[in-house]
$ cat run.cif   # mmCIF, C-alpha atoms
data_coords
loop_
_atom_site.group_PDB
_atom_site.id
_atom_site.type_symbol
_atom_site.label_atom_id
_atom_site.label_comp_id
_atom_site.auth_asym_id
_atom_site.auth_seq_id
_atom_site.Cartn_x
_atom_site.Cartn_y
_atom_site.Cartn_z
ATOM 1 C CA MET M 948 -80.883 146.190 115.277
ATOM 2 C CA SER M 949 -84.016 147.041 117.155
ATOM 3 C CA ASP M 950 -83.695 149.140 120.290
ATOM 4 C CA THR M 951 -86.562 147.322 121.942
ATOM 5 C CA PRO M 952 -85.333 144.598 124.239
ATOM 6 C CA ILE M 953 -86.701 141.071 124.083
ATOM 7 C CA ILE M 954 -88.542 140.592 127.352
ATOM 8 C CA LEU M 955 -87.811 137.267 128.989
ATOM 9 C CA ILE M 956 -90.398 136.333 131.597
ATOM 10 C CA ALA M 957 -89.613 133.530 134.032
ATOM 11 C CA GLU M 958 -92.936 132.825 135.711
ATOM 12 C CA ASP M 959 -94.549 129.504 136.638
ATOM 13 C CA ASP M 960 -98.003 130.965 137.249
ATOM 14 C CA ALA M 961 -99.864 130.984 133.908
ATOM 15 C CA GLY M 962 -102.304 133.663 135.069
ATOM 16 C CA HIS M 963 -99.577 136.047 136.180
ATOM 17 C CA PHE M 964 -97.718 135.502 132.923
ATOM 18 C CA ALA M 965 -100.791 136.201 130.776
ATOM 19 C CA LEU M 966 -101.516 139.353 132.720
ATOM 20 C CA ALA M 967 -97.941 140.595 132.487
ATOM 21 C CA LYS M 968 -97.719 139.915 128.757
ATOM 22 C CA LYS M 969 -101.051 141.566 127.977
ATOM 23 C CA ASN M 970 -100.205 144.733 129.859
ATOM 24 C CA LEU M 971 -96.688 144.950 128.452
ATOM 25 C CA TRP M 972 -98.209 144.829 124.983
ATOM 26 C CA ARG M 973 -100.582 147.579 125.921
ATOM 27 C CA THR M 974 -97.677 149.915 126.683
ATOM 28 C CA CYS M 975 -95.051 148.737 124.195
ATOM 29 C CA ALA M 976 -96.927 147.365 121.234
ATOM 30 C CA ASP M 977 -94.147 145.644 119.324
ATOM 31 C CA VAL M 978 -92.313 144.037 122.214
ATOM 32 C CA GLN M 979 -91.240 140.417 121.863
ATOM 33 C CA VAL M 980 -91.938 138.275 124.913
ATOM 34 C CA ILE M 981 -90.486 134.827 125.642
ATOM 35 C CA HIS M 982 -91.970 132.740 128.427
ATOM 36 C CA PHE M 983 -90.057 130.357 130.703
ATOM 37 C CA HIS M 984 -91.819 128.161 133.238
ATOM 38 C CA ASN M 985 -88.970 127.602 135.665
ATOM 39 C CA GLY M 986 -85.407 128.621 136.452
ATOM 40 C CA ARG M 987 -83.813 125.831 134.448
ATOM 41 C CA GLU M 988 -85.555 126.825 131.239
ATOM 42 C CA VAL M 989 -84.360 130.405 131.419
ATOM 43 C CA LEU M 990 -80.751 129.425 132.118
ATOM 44 C CA ASP M 991 -80.859 126.842 129.317
ATOM 45 C CA TYR M 992 -81.903 129.641 126.994
ATOM 46 C CA LEU M 993 -79.299 132.127 128.201
ATOM 47 C CA PHE M 994 -76.435 129.650 128.333
ATOM 48 C CA GLU M 995 -76.724 128.017 124.936
ATOM 49 C CA HIS M 996 -75.497 124.479 125.013
ATOM 50 C CA SER M 997 -72.430 124.021 122.879
ATOM 51 C CA GLY M 998 -73.025 122.911 119.320
ATOM 52 C CA ARG M 999 -76.020 125.085 118.720
ATOM 53 C CA GLN M 1000 -75.590 128.051 116.456
ATOM 54 C CA THR M 1001 -74.781 131.323 118.098
ATOM 55 C CA HIS M 1002 -77.275 134.142 118.096
ATOM 56 C CA PRO M 1003 -76.508 137.696 117.100
ATOM 57 C CA ALA M 1004 -76.101 140.115 119.991
ATOM 58 C CA HIS M 1005 -79.410 141.419 121.198
ATOM 59 C CA ARG M 1006 -80.944 143.430 124.010
ATOM 60 C CA TYR M 1007 -82.693 141.403 126.653
ATOM 61 C CA LEU M 1008 -84.442 142.184 129.883
ATOM 62 C CA LEU M 1009 -85.488 139.502 132.352
ATOM 63 C CA LEU M 1010 -88.529 139.623 134.601
ATOM 64 C CA LEU M 1011 -87.789 137.004 137.215
ATOM 65 C CA ASP M 1012 -90.145 135.349 139.659
ATOM 66 C CA ILE M 1013 -88.609 133.875 142.806
ATOM 67 C CA LYS M 1014 -90.730 130.878 143.726
ATOM 68 C CA MET M 1015 -90.474 128.529 140.753
ATOM 69 C CA PRO M 1016 -90.047 124.769 140.333
ATOM 70 C CA LEU M 1017 -86.711 123.045 139.554
ATOM 71 C CA LEU M 1018 -84.617 126.144 140.160
ATOM 72 C CA ASP M 1019 -85.758 129.282 141.964
ATOM 73 C CA GLY M 1020 -85.268 132.875 140.867
ATOM 74 C CA VAL M 1021 -82.551 133.715 143.380
ATOM 75 C CA SER M 1022 -80.368 130.866 142.045
ATOM 76 C CA VAL M 1023 -80.992 132.106 138.502
ATOM 77 C CA LEU M 1024 -80.029 135.647 139.532
ATOM 78 C CA GLU M 1025 -76.785 134.376 141.093
ATOM 79 C CA ARG M 1026 -75.801 132.533 137.906
ATOM 80 C CA ILE M 1027 -76.552 135.518 135.676
ATOM 81 C CA LYS M 1028 -74.801 138.126 137.814
ATOM 82 C CA ALA M 1029 -71.703 135.929 138.198
ATOM 83 C CA HIS M 1030 -71.278 135.728 134.412
ATOM 84 C CA PRO M 1031 -69.056 138.418 132.821
ATOM 85 C CA GLU M 1032 -71.317 138.964 129.801
ATOM 86 C CA LEU M 1033 -74.777 138.070 131.066
ATOM 87 C CA ARG M 1034 -74.423 140.283 134.134
ATOM 88 C CA LYS M 1035 -75.000 143.321 131.918
ATOM 89 C CA MET M 1036 -78.545 142.121 131.267
ATOM 90 C CA PRO M 1037 -81.127 143.962 133.391
ATOM 91 C CA VAL M 1038 -82.904 141.600 135.768
ATOM 92 C CA PHE M 1039 -86.078 142.823 137.461
ATOM 93 C CA MET M 1040 -87.371 140.595 140.252
ATOM 94 C CA LEU M 1041 -91.154 140.357 139.905
ATOM 95 C CA THR M 1042 -92.458 138.319 142.783
ATOM 96 C CA THR M 1043 -95.046 137.945 145.515
ATOM 97 C CA THR M 1044 -92.228 137.648 148.070
ATOM 98 C CA ASP M 1045 -92.149 140.923 149.973
ATOM 99 C CA SER M 1046 -89.759 140.015 152.785
ATOM 100 C CA PRO M 1047 -87.151 142.730 153.447
ATOM 101 C CA VAL M 1048 -84.528 139.990 153.868
ATOM 102 C CA GLU M 1049 -85.193 138.696 150.355
ATOM 103 C CA ILE M 1050 -85.263 142.212 148.900
ATOM 104 C CA ASP M 1051 -81.922 142.931 150.568
ATOM 105 C CA ASN M 1052 -80.479 139.637 149.395
ATOM 106 C CA CYS M 1053 -81.473 140.139 145.764
ATOM 107 C CA TYR M 1054 -80.001 143.653 145.623
ATOM 108 C CA GLN M 1055 -76.856 142.294 147.275
ATOM 109 C CA ILE M 1056 -76.564 139.667 144.508
ATOM 110 C CA GLY M 1057 -77.132 142.367 141.912
ATOM 111 C CA CYS M 1058 -80.741 142.442 140.747
ATOM 112 C CA ASN M 1059 -81.382 145.710 138.922
ATOM 113 C CA PHE M 1060 -84.776 146.295 140.504
ATOM 114 C CA TYR M 1061 -87.161 144.478 142.794
ATOM 115 C CA ILE M 1062 -90.904 144.697 142.244
ATOM 116 C CA VAL M 1063 -93.492 143.065 144.483
ATOM 117 C CA LYS M 1064 -96.547 141.875 142.559
ATOM 118 C CA PRO M 1065 -99.556 143.632 144.006
ATOM 119 C CA ALA M 1066 -102.181 141.120 145.183
ATOM 120 C CA ASP M 1067 -104.942 143.304 143.761
ATOM 121 C CA TYR M 1068 -105.701 142.630 140.078
ATOM 122 C CA MET M 1069 -106.043 146.280 139.036
ATOM 123 C CA GLN M 1070 -102.888 147.274 140.872
ATOM 124 C CA PHE M 1071 -100.997 144.415 139.266
ATOM 125 C CA MET M 1072 -102.070 145.653 135.834
ATOM 126 C CA GLU M 1073 -101.064 149.195 136.707
ATOM 127 C CA ALA M 1074 -97.675 148.029 137.947
ATOM 128 C CA ILE M 1075 -96.989 146.221 134.669
ATOM 129 C CA GLU M 1076 -98.104 149.295 132.737
ATOM 130 C CA SER M 1077 -95.668 151.442 134.720
ATOM 131 C CA LEU M 1078 -92.967 148.914 133.929
ATOM 132 C CA GLY M 1079 -93.866 148.954 130.241
ATOM 133 C CA ALA M 1080 -93.882 152.753 130.198
ATOM 134 C CA PHE M 1081 -90.459 152.761 131.860
ATOM 135 C CA LEU M 1082 -89.103 150.568 129.057
ATOM 136 C CA SER M 1083 -90.135 153.272 126.597
ATOM 137 C CA THR M 1084 -88.355 156.036 128.552
ATOM 138 C CA PRO M 1085 -86.579 158.356 126.088
ATOM 139 C CA GLY M 1086 -82.830 157.827 126.441
ATOM 140 C CA LEU M 1087 -83.011 154.417 128.129
ATOM 141 C CA ALA M 1088 -79.894 152.471 127.126
ATOM 142 C CA ILE M 1089 -80.080 148.705 127.452
ATOM 143 C CA PRO M 1090 -76.862 146.899 126.523
ATOM 144 C CA GLU M 1091 -76.570 144.228 123.873
ATOM 145 C CA ILE M 1092 -75.766 140.764 125.143
ATOM 146 C CA ASP M 1093 -73.872 137.987 123.399
ATOM 147 C CA ARG M 1094 -75.421 134.877 124.800
ATOM 148 C CA PRO M 1095 -72.565 132.486 125.609
ATOM 149 C CA SER M 1096 -72.442 129.600 123.167
ATOM 150 C CA THR M 1097 -69.908 127.246 124.657
ATOM 151 C CA SER M 1098 -70.569 126.952 128.362
ATOM 152 C CA ASN M 1099 -73.250 125.150 130.291
ATOM 153 C CA TRP M 1100 -74.553 126.899 133.328
ATOM 154 C CA ASN M 1101 -74.512 123.877 135.633
ATOM 155 C CA MET Z 1004 -91.623 152.507 147.027
ATOM 156 C CA ASN Z 1005 -91.767 152.675 150.788
ATOM 157 C CA LYS Z 1006 -92.909 156.086 152.088
ATOM 158 C CA ASP Z 1007 -89.745 156.637 154.108
ATOM 159 C CA ALA Z 1008 -87.482 155.777 151.168
ATOM 160 C CA MET Z 1009 -85.148 158.547 150.004
ATOM 161 C CA ILE Z 1010 -84.323 159.506 146.456
ATOM 162 C CA LEU Z 1011 -80.733 160.697 146.264
ATOM 163 C CA VAL Z 1012 -79.977 162.908 143.277
ATOM 164 C CA ALA Z 1013 -76.349 163.656 142.402
ATOM 165 C CA GLU Z 1014 -76.533 166.495 139.897
ATOM 166 C CA ASP Z 1015 -74.323 169.565 139.619
ATOM 167 C CA ASP Z 1016 -76.479 171.421 137.097
ATOM 168 C CA ASP Z 1017 -79.086 173.573 138.886
ATOM 169 C CA GLY Z 1018 -81.420 173.661 135.902
ATOM 170 C CA HIS Z 1019 -81.361 169.892 135.453
ATOM 171 C CA PHE Z 1020 -81.892 169.301 139.148
ATOM 172 C CA ALA Z 1021 -84.869 171.679 139.249
ATOM 173 C CA LEU Z 1022 -86.402 169.895 136.295
ATOM 174 C CA ILE Z 1023 -85.827 166.458 137.837
ATOM 175 C CA GLU Z 1024 -87.223 167.494 141.218
ATOM 176 C CA ARG Z 1025 -90.250 169.276 139.761
ATOM 177 C CA ASN Z 1026 -91.233 166.320 137.602
ATOM 178 C CA LEU Z 1027 -90.684 163.758 140.334
ATOM 179 C CA ILE Z 1028 -93.077 165.704 142.537
ATOM 180 C CA ARG Z 1029 -95.507 166.367 139.714
ATOM 181 C CA SER Z 1030 -95.661 162.625 139.039
ATOM 182 C CA GLY Z 1031 -96.739 161.995 142.592
ATOM 183 C CA VAL Z 1032 -93.434 161.137 144.260
ATOM 184 C CA SER Z 1033 -93.774 162.198 147.902
ATOM 185 C CA ASN Z 1034 -90.472 160.724 149.063
ATOM 186 C CA ARG Z 1035 -87.692 162.832 150.481
ATOM 187 C CA ILE Z 1036 -85.393 164.046 147.710
ATOM 188 C CA VAL Z 1037 -81.795 164.750 148.729
ATOM 189 C CA ARG Z 1038 -79.533 166.607 146.345
ATOM 190 C CA PHE Z 1039 -75.738 166.403 146.047
ATOM 191 C CA ARG Z 1040 -73.702 168.764 143.878
ATOM 192 C CA ASP Z 1041 -70.745 166.471 143.360
ATOM 193 C CA GLY Z 1042 -69.562 162.924 143.936
ATOM 194 C CA GLN Z 1043 -67.542 163.785 147.018
ATOM 195 C CA GLU Z 1044 -70.554 165.227 148.807
ATOM 196 C CA LEU Z 1045 -72.589 162.127 147.947
ATOM 197 C CA LEU Z 1046 -69.931 159.652 149.075
ATOM 198 C CA GLY Z 1047 -69.471 161.579 152.316
ATOM 199 C CA PHE Z 1048 -73.178 161.296 153.017
ATOM 200 C CA LEU Z 1049 -73.267 157.576 152.213
ATOM 201 C CA GLU Z 1050 -70.176 156.716 154.237
ATOM 202 C CA GLN Z 1051 -71.715 158.486 157.210
ATOM 203 C CA ALA Z 1052 -75.070 156.764 156.725
ATOM 204 C CA LYS Z 1053 -73.239 153.461 156.579
ATOM 205 C CA ALA Z 1054 -70.914 153.964 159.514
ATOM 206 C CA LEU Z 1055 -73.383 155.249 162.049
ATOM 207 C CA ASP Z 1056 -76.501 153.542 163.270
ATOM 208 C CA SER Z 1057 -78.318 156.566 161.936
ATOM 209 C CA ASP Z 1058 -81.846 157.099 160.682
ATOM 210 C CA ASN Z 1059 -80.427 157.215 157.187
ATOM 211 C CA SER Z 1060 -79.017 153.693 157.487
ATOM 212 C CA ARG Z 1061 -82.520 152.381 158.064
ATOM 213 C CA ARG Z 1062 -84.128 154.333 155.256
ATOM 214 C CA PRO Z 1063 -84.454 152.575 151.917
ATOM 215 C CA MET Z 1064 -82.708 154.547 149.191
ATOM 216 C CA LEU Z 1065 -82.215 154.824 145.469
ATOM 217 C CA LEU Z 1066 -79.761 157.017 143.560
ATOM 218 C CA LEU Z 1067 -80.079 159.074 140.384
ATOM 219 C CA LEU Z 1068 -76.494 159.691 139.305
ATOM 220 C CA ASP Z 1069 -75.064 162.172 136.843
ATOM 221 C CA ILE Z 1070 -71.648 161.412 135.332
ATOM 222 C CA ARG Z 1071 -69.973 164.765 134.673
ATOM 223 C CA MET Z 1072 -69.618 166.346 138.105
ATOM 224 C CA PRO Z 1073 -66.808 168.180 139.863
ATOM 225 C CA LYS Z 1074 -64.364 166.529 142.304
ATOM 226 C CA ILE Z 1075 -65.513 162.934 141.889
ATOM 227 C CA ASP Z 1076 -67.443 162.001 138.758
ATOM 228 C CA GLY Z 1077 -70.367 159.607 138.511
ATOM 229 C CA VAL Z 1078 -68.430 156.660 137.095
ATOM 230 C CA GLU Z 1079 -65.971 156.827 140.005
ATOM 231 C CA VAL Z 1080 -68.897 157.027 142.427
ATOM 232 C CA LEU Z 1081 -70.489 153.976 140.806
ATOM 233 C CA LEU Z 1082 -67.203 152.085 140.986
ATOM 234 C CA HIS Z 1083 -66.870 152.966 144.672
ATOM 235 C CA LEU Z 1084 -70.441 151.960 145.499
ATOM 236 C CA LYS Z 1085 -70.371 148.670 143.631
ATOM 237 C CA SER Z 1086 -67.095 147.571 145.206
ATOM 238 C CA ASP Z 1087 -68.393 148.268 148.721
ATOM 239 C CA LEU Z 1088 -70.087 145.336 150.457
ATOM 240 C CA VAL Z 1089 -72.841 147.502 151.927
ATOM 241 C CA LEU Z 1090 -73.237 150.382 149.483
ATOM 242 C CA ARG Z 1091 -73.415 148.042 146.480
ATOM 243 C CA LYS Z 1092 -77.061 147.284 147.346
ATOM 244 C CA ILE Z 1093 -78.222 150.777 146.425
ATOM 245 C CA PRO Z 1094 -79.951 150.768 143.042
ATOM 246 C CA VAL Z 1095 -78.295 153.362 140.808
ATOM 247 C CA ILE Z 1096 -79.957 154.912 137.791
ATOM 248 C CA MET Z 1097 -77.413 156.793 135.682
ATOM 249 C CA LEU Z 1098 -79.046 159.968 134.395
ATOM 250 C CA THR Z 1099 -76.534 161.782 132.268
ATOM 251 C CA THR Z 1100 -75.890 163.681 129.075
ATOM 252 C CA THR Z 1101 -73.005 161.308 128.357
ATOM 253 C CA GLY Z 1102 -74.328 158.928 125.742
ATOM 254 C CA ASP Z 1103 -71.230 157.398 124.266
ATOM 255 C CA ARG Z 1104 -71.218 153.648 123.958
ATOM 256 C CA GLN Z 1105 -68.117 153.214 126.080
ATOM 257 C CA ALA Z 1106 -69.591 155.003 129.113
ATOM 258 C CA VAL Z 1107 -72.854 153.080 128.796
ATOM 259 C CA GLU Z 1108 -71.013 149.773 128.537
ATOM 260 C CA GLN Z 1109 -68.717 150.601 131.452
ATOM 261 C CA CYS Z 1110 -71.573 151.561 133.788
ATOM 262 C CA GLN Z 1111 -73.580 148.463 132.888
ATOM 263 C CA GLN Z 1112 -70.504 146.363 133.525
ATOM 264 C CA LEU Z 1113 -69.968 148.028 136.916
ATOM 265 C CA GLY Z 1114 -73.558 147.274 137.851
ATOM 266 C CA CYS Z 1115 -75.730 150.340 137.461
ATOM 267 C CA SER Z 1116 -79.407 149.361 137.564
ATOM 268 C CA MET Z 1117 -80.291 151.382 134.496
ATOM 269 C CA TYR Z 1118 -78.682 153.926 132.208
ATOM 270 C CA VAL Z 1119 -80.714 156.830 130.883
ATOM 271 C CA VAL Z 1120 -79.269 159.429 128.535
ATOM 272 C CA LYS Z 1121 -80.870 162.813 129.272
ATOM 273 C CA PRO Z 1122 -82.727 163.815 126.142
ATOM 274 C CA VAL Z 1123 -81.593 167.186 124.790
ATOM 275 C CA GLU Z 1124 -85.145 168.135 123.880
ATOM 276 C CA TYR Z 1125 -87.027 169.607 126.851
ATOM 277 C CA ASP Z 1126 -90.293 167.696 126.355
ATOM 278 C CA LYS Z 1127 -88.462 164.396 126.024
ATOM 279 C CA PHE Z 1128 -86.488 165.083 129.190
ATOM 280 C CA VAL Z 1129 -89.745 165.733 131.055
ATOM 281 C CA GLU Z 1130 -91.209 162.518 129.629
ATOM 282 C CA SER Z 1131 -88.147 160.571 130.813
ATOM 283 C CA ILE Z 1132 -88.414 161.874 134.363
ATOM 284 C CA GLN Z 1133 -92.144 161.198 134.455
ATOM 285 C CA LYS Z 1134 -91.707 157.604 133.298
ATOM 286 C CA ILE Z 1135 -88.886 157.058 135.760
ATOM 287 C CA SER Z 1136 -91.022 158.560 138.564
ATOM 288 C CA ARG Z 1137 -93.923 156.296 137.800
ATOM 289 C CA PHE Z 1138 -91.600 153.312 137.754
ATOM 290 C CA LEU Z 1139 -90.047 154.268 141.114
ATOM 291 C CA SER Z 1140 -93.476 154.024 142.713
ATOM 292 C CA ILE Z 1141 -93.688 150.267 142.031
ATOM 293 C CA LEU Z 1142 -90.171 149.455 143.301
ATOM 294 C CA GLU Z 1143 -88.924 148.041 146.558
ATOM 295 C CA VAL Z 1144 -85.513 149.407 147.465
ATOM 296 C CA PRO Z 1145 -83.113 148.340 150.229
ATOM 297 C CA SER Z 1146 -81.749 150.216 153.216
ATOM 298 C CA LEU Z 1147 -78.078 150.130 154.217
ATOM 299 C CA SER Z 1148 -78.615 148.493 157.580
ATOM 300 C CA ALA Z 1149 -78.715 144.703 157.567
ATOM 301 C CA THR Z 1150 -82.242 143.403 157.885
#

$ encode --input "run.cif" --output "structure tokens"
Amino acid sequence: MSDTPIILIAEDDAGHFALAKKNLWRTCADVQVIHFHNGREVLDYLFEHSGRQTHPAHRYLLLLDIKMPLLDGVSVLERIKAHPELRKMPVFMLTTTDSPVEIDNCYQIGCNFYIVKPADYMQFMEAIESLGAFLSTPGLAIPEIDRPSTSNWN
Amino acid sequence: MNKDAMILVAEDDDGHFALIERNLIRSGVSNRIVRFRDGQELLGFLEQAKALDSDNSRRPMLLLLDIRMPKIDGVEVLLHLKSDLVLRKIPVIMLTTTGDRQAVEQCQQLGCSMYVVKPVEYDKFVESIQKISRFLSILEVPSLSAT
């Protein structure tokens, strides 16, 4: 079992996703990244629909945008943190929304960290590099998650 | 991280605290660092910050939390914080020598934001603190007062 988590990125903006992925790879070369374009896609992945084969336990970490079509990031966060198994998965909000009310709300619901995407291109790259470096912190322990195989999220 | 944000460090070991503080500062962290020597001292501070309309209630904060400490240990502190409607917002990074699976699992379940086992090797420990410091600089953290 690899110690490196699979990075799930829920991000509707193709440019932001490409930038995040590129700079994560720069800091953690072998990291596996899975892209979701909206909140529904990421929950469909996490809450396997019944009948599909179960996956072995794995480490995951979710980078979650807030403003997304179909289902927004805050609703996704609520579903994940209300689930007894999935709540152990680290969820980092990664969003342009910098309102203190939203920051407060997400921490209240249980996001692990909240990161505001810098508007400046270079700063955005640096922020992702800091994030990538953090994921390679010696001693960092990310729990394994058994994705539920029998329940639908909605 | 906001300039007026505080980094709370609950750590009973003087050597470990010195190393944490030195490397936070060396990595460019200019935020106020507040040290607590045990869980009781920390909870006292937080209860006061919460109860009064004090400066501390308006300051964003983040906690680095050791587990093995006198009086009240880190897991009890985490349990207390995460079952409190206000204090639960504080992001908690466990920073501890305790690396057994059960403790890790328990803290994740209780809702710590991240769990870092202090590397035994000096250079690795320094690297951990530096990477954490750099990461702290890109974070937004909440204050206790309602916004």

$ atom_distance --input "run.cif" --atom1 "CA of Pro952 (chain M)" --atom2 "CA of Tyr1007 (chain M)"
4.8 Å

$ residues_around --input "run.cif" --residues "Arg1006 (chain M)" --least-positions-apart "5" --cutoff "8 Å" --atoms "only C-alpha atoms" --output "number ranges by chain"
M: 950-953, 1036, 1089-1092

$ interface_residues --input "run.cif" --of "chain M" --to "chain Z" --cutoff "9 Å" --atoms "all atoms listed in the file" --output "MDAnalysis selection string"
chainID M and resid 1031:1032 1034:1038 1045 1047:1048 1050:1064 1074 1077:1090

$ closest_residue --input "run.cif" --among "M:Phe983, M:Phe994, M:Phe964, M:Trp972" --to "Leu1033 (chain M)" --atoms "all atoms listed in the file"
M:Phe994

$ atom_distance --input "run.cif" --atom1 "CA of Arg1040 (chain Z)" --atom2 "CA of Ala1021 (chain Z)"
12.4 Å

$ closest_residue --input "run.cif" --among "Z:Asn1034, Z:Thr1101, Z:Asn1026, Z:Gln1051" --to "Gly1077 (chain Z)" --atoms "all atoms listed in the file"
Z:Thr1101

$ axis_aligned_box --input "run.cif" --around "region 1025-1029 of chain Z" --padding-each-side "6 Å" --output "JSON"
{"center_x": -92.9, "center_y": 166.5, "center_z": 140.1, "size_x": 17.3, "size_y": 17.5, "size_z": 16.9}

$ residues_around --input "run.cif" --residues "region 1018-1020 of chain M" --least-positions-apart "3" --cutoff "10 Å" --atoms "only C-alpha atoms" --output "PyMOL selection string"
chain M and resi 957-958+985-990+1010-1015+1023-1026+1040-1042+1053

$ write_last_selection --input "run.cif" --atoms "C-alpha atoms" --output "PDB file, in the frame of the given file"
ATOM      1  CA  ALA M 957     -89.613 133.530 134.032  1.00  0.00           C
ATOM      2  CA  GLU M 958     -92.936 132.825 135.711  1.00  0.00           C
ATOM      3  CA  ASN M 985     -88.970 127.602 135.665  1.00  0.00           C
ATOM      4  CA  GLY M 986     -85.407 128.621 136.452  1.00  0.00           C
ATOM      5  CA  ARG M 987     -83.813 125.831 134.448  1.00  0.00           C
ATOM      6  CA  GLU M 988     -85.555 126.825 131.239  1.00  0.00           C
ATOM      7  CA  VAL M 989     -84.360 130.405 131.419  1.00  0.00           C
ATOM      8  CA  LEU M 990     -80.751 129.425 132.118  1.00  0.00           C
ATOM      9  CA  LEU M1010     -88.529 139.623 134.601  1.00  0.00           C
ATOM     10  CA  LEU M1011     -87.789 137.004 137.215  1.00  0.00           C
ATOM     11  CA  ASP M1012     -90.145 135.349 139.659  1.00  0.00           C
ATOM     12  CA  ILE M1013     -88.609 133.875 142.806  1.00  0.00           C
ATOM     13  CA  LYS M1014     -90.730 130.878 143.726  1.00  0.00           C
ATOM     14  CA  MET M1015     -90.474 128.529 140.753  1.00  0.00           C
ATOM     15  CA  VAL M1023     -80.992 132.106 138.502  1.00  0.00           C
ATOM     16  CA  LEU M1024     -80.029 135.647 139.532  1.00  0.00           C
ATOM     17  CA  GLU M1025     -76.785 134.376 141.093  1.00  0.00           C
ATOM     18  CA  ARG M1026     -75.801 132.533 137.906  1.00  0.00           C
ATOM     19  CA  MET M1040     -87.371 140.595 140.252  1.00  0.00           C
ATOM     20  CA  LEU M1041     -91.154 140.357 139.905  1.00  0.00           C
ATOM     21  CA  THR M1042     -92.458 138.319 142.783  1.00  0.00           C
ATOM     22  CA  CYS M1053     -81.473 140.139 145.764  1.00  0.00           C
TER      23      CYS M1053
END

$ atom_distance --input "run.cif" --atom1 "CA of Lys1074 (chain Z)" --atom2 "CA of Ile1036 (chain Z)"
21.9 Å

$ resolve_selection --input "run.cif" --expression "the PyMOL selection byres ((chain Z and resi 1075) around 6)" --output "NGL selection string"
:Z and (1042-1043 or 1073-1074 or 1076)

$ write_last_selection --input "run.cif" --atoms "C-alpha atoms" --output "JSON list (two decimals), in the frame of the given file"
[["chain", "number", "residue", "atom", "x", "y", "z"],
["Z", 1042, "GLY", "CA", -69.56, 162.92, 143.94],
["Z", 1043, "GLN", "CA", -67.54, 163.78, 147.02],
["Z", 1073, "PRO", "CA", -66.81, 168.18, 139.86],
["Z", 1074, "LYS", "CA", -64.36, 166.53, 142.30],
["Z", 1076, "ASP", "CA", -67.44, 162.00, 138.76]]

$ resolve_selection --input "run.cif" --expression "the PyMOL selection byres ((chain M and resi 981) around 6)" --output "VMD selection string"
chain M and resid 955 980 982

$ resolve_selection --input "run.cif" --expression "the PyMOL selection byres ((chain Z and resi 1011) around 7)" --output "NGL selection string"
:Z and (1009-1010 or 1012-1013 or 1036-1038 or 1065-1067)

$ build_atoms --input "run.cif" --residues "region 1030-1042 of chain M" --atoms "N, CA and C atoms" --output "PDB file, keeping the file's coordinate frame"
ATOM      1  N   HIS M1030     -71.820 135.929 135.757  1.00  0.00           N
ATOM      2  CA  HIS M1030     -71.278 135.728 134.412  1.00  0.00           C
ATOM      3  C   HIS M1030     -70.836 137.068 133.807  1.00  0.00           C
ATOM      4  N   PRO M1031     -69.600 137.130 133.288  1.00  0.00           N
ATOM      5  CA  PRO M1031     -69.056 138.418 132.821  1.00  0.00           C
ATOM      6  C   PRO M1031     -69.870 139.100 131.729  1.00  0.00           C
ATOM      7  N   GLU M1032     -70.525 138.348 130.877  1.00  0.00           N
ATOM      8  CA  GLU M1032     -71.317 138.964 129.801  1.00  0.00           C
ATOM      9  C   GLU M1032     -72.784 139.125 130.211  1.00  0.00           C
ATOM     10  N   LEU M1033     -73.340 138.053 130.744  1.00  0.00           N
ATOM     11  CA  LEU M1033     -74.777 138.070 131.066  1.00  0.00           C
ATOM     12  C   LEU M1033     -75.120 139.055 132.181  1.00  0.00           C
ATOM     13  N   ARG M1034     -74.135 139.383 133.011  1.00  0.00           N
ATOM     14  CA  ARG M1034     -74.423 140.283 134.134  1.00  0.00           C
ATOM     15  C   ARG M1034     -74.864 141.674 133.697  1.00  0.00           C
ATOM     16  N   LYS M1035     -74.578 142.014 132.443  1.00  0.00           N
ATOM     17  CA  LYS M1035     -75.000 143.321 131.918  1.00  0.00           C
ATOM     18  C   LYS M1035     -76.501 143.358 131.633  1.00  0.00           C
ATOM     19  N   MET M1036     -77.110 142.173 131.576  1.00  0.00           N
ATOM     20  CA  MET M1036     -78.545 142.121 131.267  1.00  0.00           C
ATOM     21  C   MET M1036     -79.370 142.576 132.476  1.00  0.00           C
ATOM     22  N   PRO M1037     -80.282 143.541 132.271  1.00  0.00           N
ATOM     23  CA  PRO M1037     -81.127 143.962 133.391  1.00  0.00           C
ATOM     24  C   PRO M1037     -82.033 142.823 133.863  1.00  0.00           C
ATOM     25  N   VAL M1038     -82.030 142.610 135.162  1.00  0.00           N
ATOM     26  CA  VAL M1038     -82.904 141.600 135.768  1.00  0.00           C
ATOM     27  C   VAL M1038     -83.801 142.289 136.787  1.00  0.00           C
ATOM     28  N   PHE M1039     -85.107 142.249 136.531  1.00  0.00           N
ATOM     29  CA  PHE M1039     -86.078 142.823 137.461  1.00  0.00           C
ATOM     30  C   PHE M1039     -86.776 141.674 138.179  1.00  0.00           C
ATOM     31  N   MET M1040     -86.625 141.599 139.495  1.00  0.00           N
ATOM     32  CA  MET M1040     -87.371 140.595 140.252  1.00  0.00           C
ATOM     33  C   MET M1040     -88.837 141.027 140.219  1.00  0.00           C
ATOM     34  N   LEU M1041     -89.717 140.070 139.937  1.00  0.00           N
ATOM     35  CA  LEU M1041     -91.154 140.357 139.905  1.00  0.00           C
ATOM     36  C   LEU M1041     -91.812 139.199 140.635  1.00  0.00           C
ATOM     37  N   THR M1042     -92.160 139.438 141.898  1.00  0.00           N
ATOM     38  CA  THR M1042     -92.458 138.319 142.783  1.00  0.00           C
ATOM     39  C   THR M1042     -93.490 138.689 143.840  1.00  0.00           C
TER      40      THR M1042
END
